[in-house]
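> Take a look at the following structure, please.
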Amino acid sequence: MKATGIVRRIDELGRVVIPKEIRRTLRIREGDPLELFTERDELMLKKYSPIASVERFAEGTAKSLNEQSGYLAAISDNDVVLAAAGTGKKSLVGKTVSEKLTEVMQSRRSYLASRAESGEIYPVTTEEGEAYTAQIVVPIIAGGDCLGSVILLSSEEGAVMESHAVKLARLTADIIANQFE
């Protein structure tokens, strides 16, 4: 654990303010759930991710989606890519999602783009190294909350995502969302 040197007092309602710099660094936004842990006289806060609790399920789901679609398949929560399957998966897993991907998830609308059709391909992570030519991003919505996204990517020249791939991505997002309802 890293000391920040910041000290805050608890108010009469038991609240404590998390400094803006720390919230920005940890990508904690208003309304984000936090999980509380205690050990002896220590209290720890951790950003809660429901999808992270079913990480093994996400890994198997990404693998099946890759096999059925033929595209690189990834599943993210709101902060990081949790699982991926297909060529290039190692460059995604565990990486922080990009601001553009976060915007798609917050819009709660699917995003489909292809360079062959002059579409803008959004970076998946903040450390994007791959040059993708087509993508589908489908937010995972459960109980009105966005929990993450299902992503299909292609790096083939002239690739255009077919309607069956869009349907597979939406079905996968629905199956994951149903795990939490």
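Naming works like this for the structure tokens: A, B, ... for the chains as they're shown, residue 1 at the start of each chain, ligands 1 onward in shown order.
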Could you list, as a ChimeraX atom specification, every residue within 12 Å of range 14-19 of chain A, counting only C-alpha atoms and ignoring same-chain residues fewer than 3 positions away?
/A:4-11,22-30,34,45
> Would you save the residues from that selection as an mmCIF file, in the first residue's frame, using N, CA, C and O atoms?

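As written to disk, again.cif reads:
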data_model
loop_
_atom_site.group_PDB
_atom_site.id
_atom_site.type_symbol
_atom_site.label_atom_id
_atom_site.label_comp_id
_atom_site.auth_asym_id
_atom_site.auth_seq_id
_atom_site.Cartn_x
_atom_site.Cartn_y
_atom_site.Cartn_z
ATOM 1 N N THR A 4 -0.190 8.397 0.751
ATOM 2 C CA THR A 4 -0.371 9.607 -0.050
ATOM 3 C C THR A 4 0.006 10.860 0.723
ATOM 4 O O THR A 4 0.244 11.901 0.122
ATOM 5 N N GLY A 5 0.018 10.772 2.052
ATOM 6 C CA GLY A 5 0.300 11.944 2.865
ATOM 7 C C GLY A 5 -0.911 12.843 3.052
ATOM 8 O O GLY A 5 -0.823 13.901 3.656
ATOM 9 N N ILE A 6 -2.048 12.422 2.537
ATOM 10 C CA ILE A 6 -3.275 13.206 2.642
ATOM 11 C C ILE A 6 -4.065 12.706 3.852
ATOM 12 O O ILE A 6 -4.269 11.506 4.016
ATOM 13 N N VAL A 7 -4.523 13.629 4.682
ATOM 14 C CA VAL A 7 -5.324 13.287 5.857
ATOM 15 C C VAL A 7 -6.668 13.996 5.734
ATOM 16 O O VAL A 7 -6.713 15.186 5.441
ATOM 17 N N ARG A 8 -7.748 13.264 5.945
ATOM 18 C CA ARG A 8 -9.097 13.840 5.874
ATOM 19 C C ARG A 8 -9.859 13.460 7.131
ATOM 20 O O ARG A 8 -9.667 12.388 7.687
ATOM 21 N N ARG A 9 -10.763 14.333 7.555
ATOM 22 C CA ARG A 9 -11.603 14.059 8.718
ATOM 23 C C ARG A 9 -12.961 13.538 8.274
ATOM 24 O O ARG A 9 -13.469 13.906 7.232
ATOM 25 N N ILE A 10 -13.547 12.698 9.131
ATOM 26 C CA ILE A 10 -14.886 12.180 8.892
ATOM 27 C C ILE A 10 -15.878 13.196 9.434
ATOM 28 O O ILE A 10 -15.717 13.689 10.552
ATOM 29 N N ASP A 11 -16.934 13.503 8.646
ATOM 30 C CA ASP A 11 -17.936 14.466 9.120
ATOM 31 C C ASP A 11 -18.950 13.771 10.025
ATOM 32 O O ASP A 11 -18.861 12.559 10.267
ATOM 33 N N ILE A 22 -6.829 11.846 -6.493
ATOM 34 C CA ILE A 22 -6.895 10.394 -6.319
ATOM 35 C C ILE A 22 -8.055 9.828 -7.135
ATOM 36 O O ILE A 22 -7.919 8.802 -7.801
ATOM 37 N N ARG A 23 -9.202 10.519 -7.120
ATOM 38 C CA ARG A 23 -10.351 10.047 -7.918
ATOM 39 C C ARG A 23 -9.990 10.033 -9.401
ATOM 40 O O ARG A 23 -10.336 9.095 -10.117
ATOM 41 N N ARG A 24 -9.301 11.040 -9.871
ATOM 42 C CA ARG A 24 -8.915 11.104 -11.283
ATOM 43 C C ARG A 24 -7.927 9.986 -11.618
ATOM 44 O O ARG A 24 -8.076 9.286 -12.613
ATOM 45 N N THR A 25 -6.932 9.794 -10.768
ATOM 46 C CA THR A 25 -5.921 8.759 -10.999
ATOM 47 C C THR A 25 -6.535 7.364 -11.030
ATOM 48 O O THR A 25 -6.185 6.543 -11.878
ATOM 49 N N LEU A 26 -7.471 7.094 -10.134
ATOM 50 C CA LEU A 26 -8.094 5.774 -10.039
ATOM 51 C C LEU A 26 -9.372 5.654 -10.875
ATOM 52 O O LEU A 26 -10.049 4.633 -10.817
ATOM 53 N N ARG A 27 -9.692 6.710 -11.630
ATOM 54 C CA ARG A 27 -10.879 6.756 -12.485
ATOM 55 C C ARG A 27 -12.155 6.466 -11.700
ATOM 56 O O ARG A 27 -13.021 5.700 -12.122
ATOM 57 N N ILE A 28 -12.267 7.098 -10.533
ATOM 58 C CA ILE A 28 -13.466 6.974 -9.714
ATOM 59 C C ILE A 28 -14.353 8.175 -10.030
ATOM 60 O O ILE A 28 -13.937 9.317 -9.882
ATOM 61 N N ARG A 29 -15.577 7.874 -10.496
ATOM 62 C CA ARG A 29 -16.516 8.924 -10.856
ATOM 63 C C ARG A 29 -17.694 8.920 -9.886
ATOM 64 O O ARG A 29 -17.940 7.935 -9.195
ATOM 65 N N GLU A 30 -18.432 10.011 -9.874
ATOM 66 C CA GLU A 30 -19.611 10.115 -9.028
ATOM 67 C C GLU A 30 -20.558 8.965 -9.336
ATOM 68 O O GLU A 30 -20.827 8.657 -10.494
ATOM 69 N N LEU A 34 -18.008 1.494 -4.466
ATOM 70 C CA LEU A 34 -16.722 1.180 -3.843
ATOM 71 C C LEU A 34 -16.938 0.054 -2.846
ATOM 72 O O LEU A 34 -17.942 0.012 -2.138
ATOM 73 N N LEU A 45 -10.522 0.992 0.514
ATOM 74 C CA LEU A 45 -11.584 1.145 -0.465
ATOM 75 C C LEU A 45 -11.081 0.609 -1.789
ATOM 76 O O LEU A 45 -9.945 0.865 -2.175
#
> Would you tabulate, counting only C-alpha atoms, all residues of range 63-136 of chain A that have an atom at most 9 Å from an atom of range 52-57 of chain A, showing the closest pair of atoms and their distance in Å to one decimal, sorted by chain then ascending number, as a tab-separated table?

residue	atom	partner	partner_atom	distance
A:Ser76	CA	A:Ala52	CA	8.8
A:Asp77	CA	A:Ala52	CA	7.1
A:Leu82	CA	A:Glu55	CA	6.7
A:Ala83	CA	A:Glu55	CA	7.3
> Restricted to C-alpha atoms, what would the selected residues look like written as a CSV table (one decimal), in the first residue's frame?

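So the final result, stored in result_15.csv, reads:
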chain,number,residue,atom,x,y,z
A,76,SER,CA,-14.1,-5.2,-20.4
A,77,ASP,CA,-15.5,-3.7,-17.2
A,82,LEU,CA,-10.7,-8.4,-18.3
A,83,ALA,CA,-10.6,-11.1,-21.0
> For Lys89 in chain A, find every residue with an atom within 9 Å (counting only C-alpha atoms), except residues of its own chain fewer than 3 positions away, and show them as an MDAnalysis selection string.
chainID A and resid 72:74 83:86 92:93
> Can you work out the spacing between CA of Ser163 in chain A and CA of Thr133 in chain A in Å, to one decimal?
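Separating CA of Ser163 in chain A from CA of Thr133 in chain A is a distance of 16.4 Å.
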> Using only C-alpha atoms, find the one residue out of A:Glu162, A:Gly88, A:Glu117, A:Lys100 that sits nearest to Ala131 in chain A.
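That would be A:Gly88, the residue with the smallest distance to Ala131 in chain A.
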> Quick one, how far is CA of Glu103 in chain A from CA of Glu181 in chain A?
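Value for the CA of Glu103 in chain A-CA of Glu181 in chain A distance: 23.6 Å.
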> Calculated over only C-alpha atoms, which of the candidates A:Ile51, A:Ala113, A:Ala3, A:Ile176 has the smallest distance to Leu153 in chain A?
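Among the listed residues, A:Ala113 lies closest to Leu153 in chain A.
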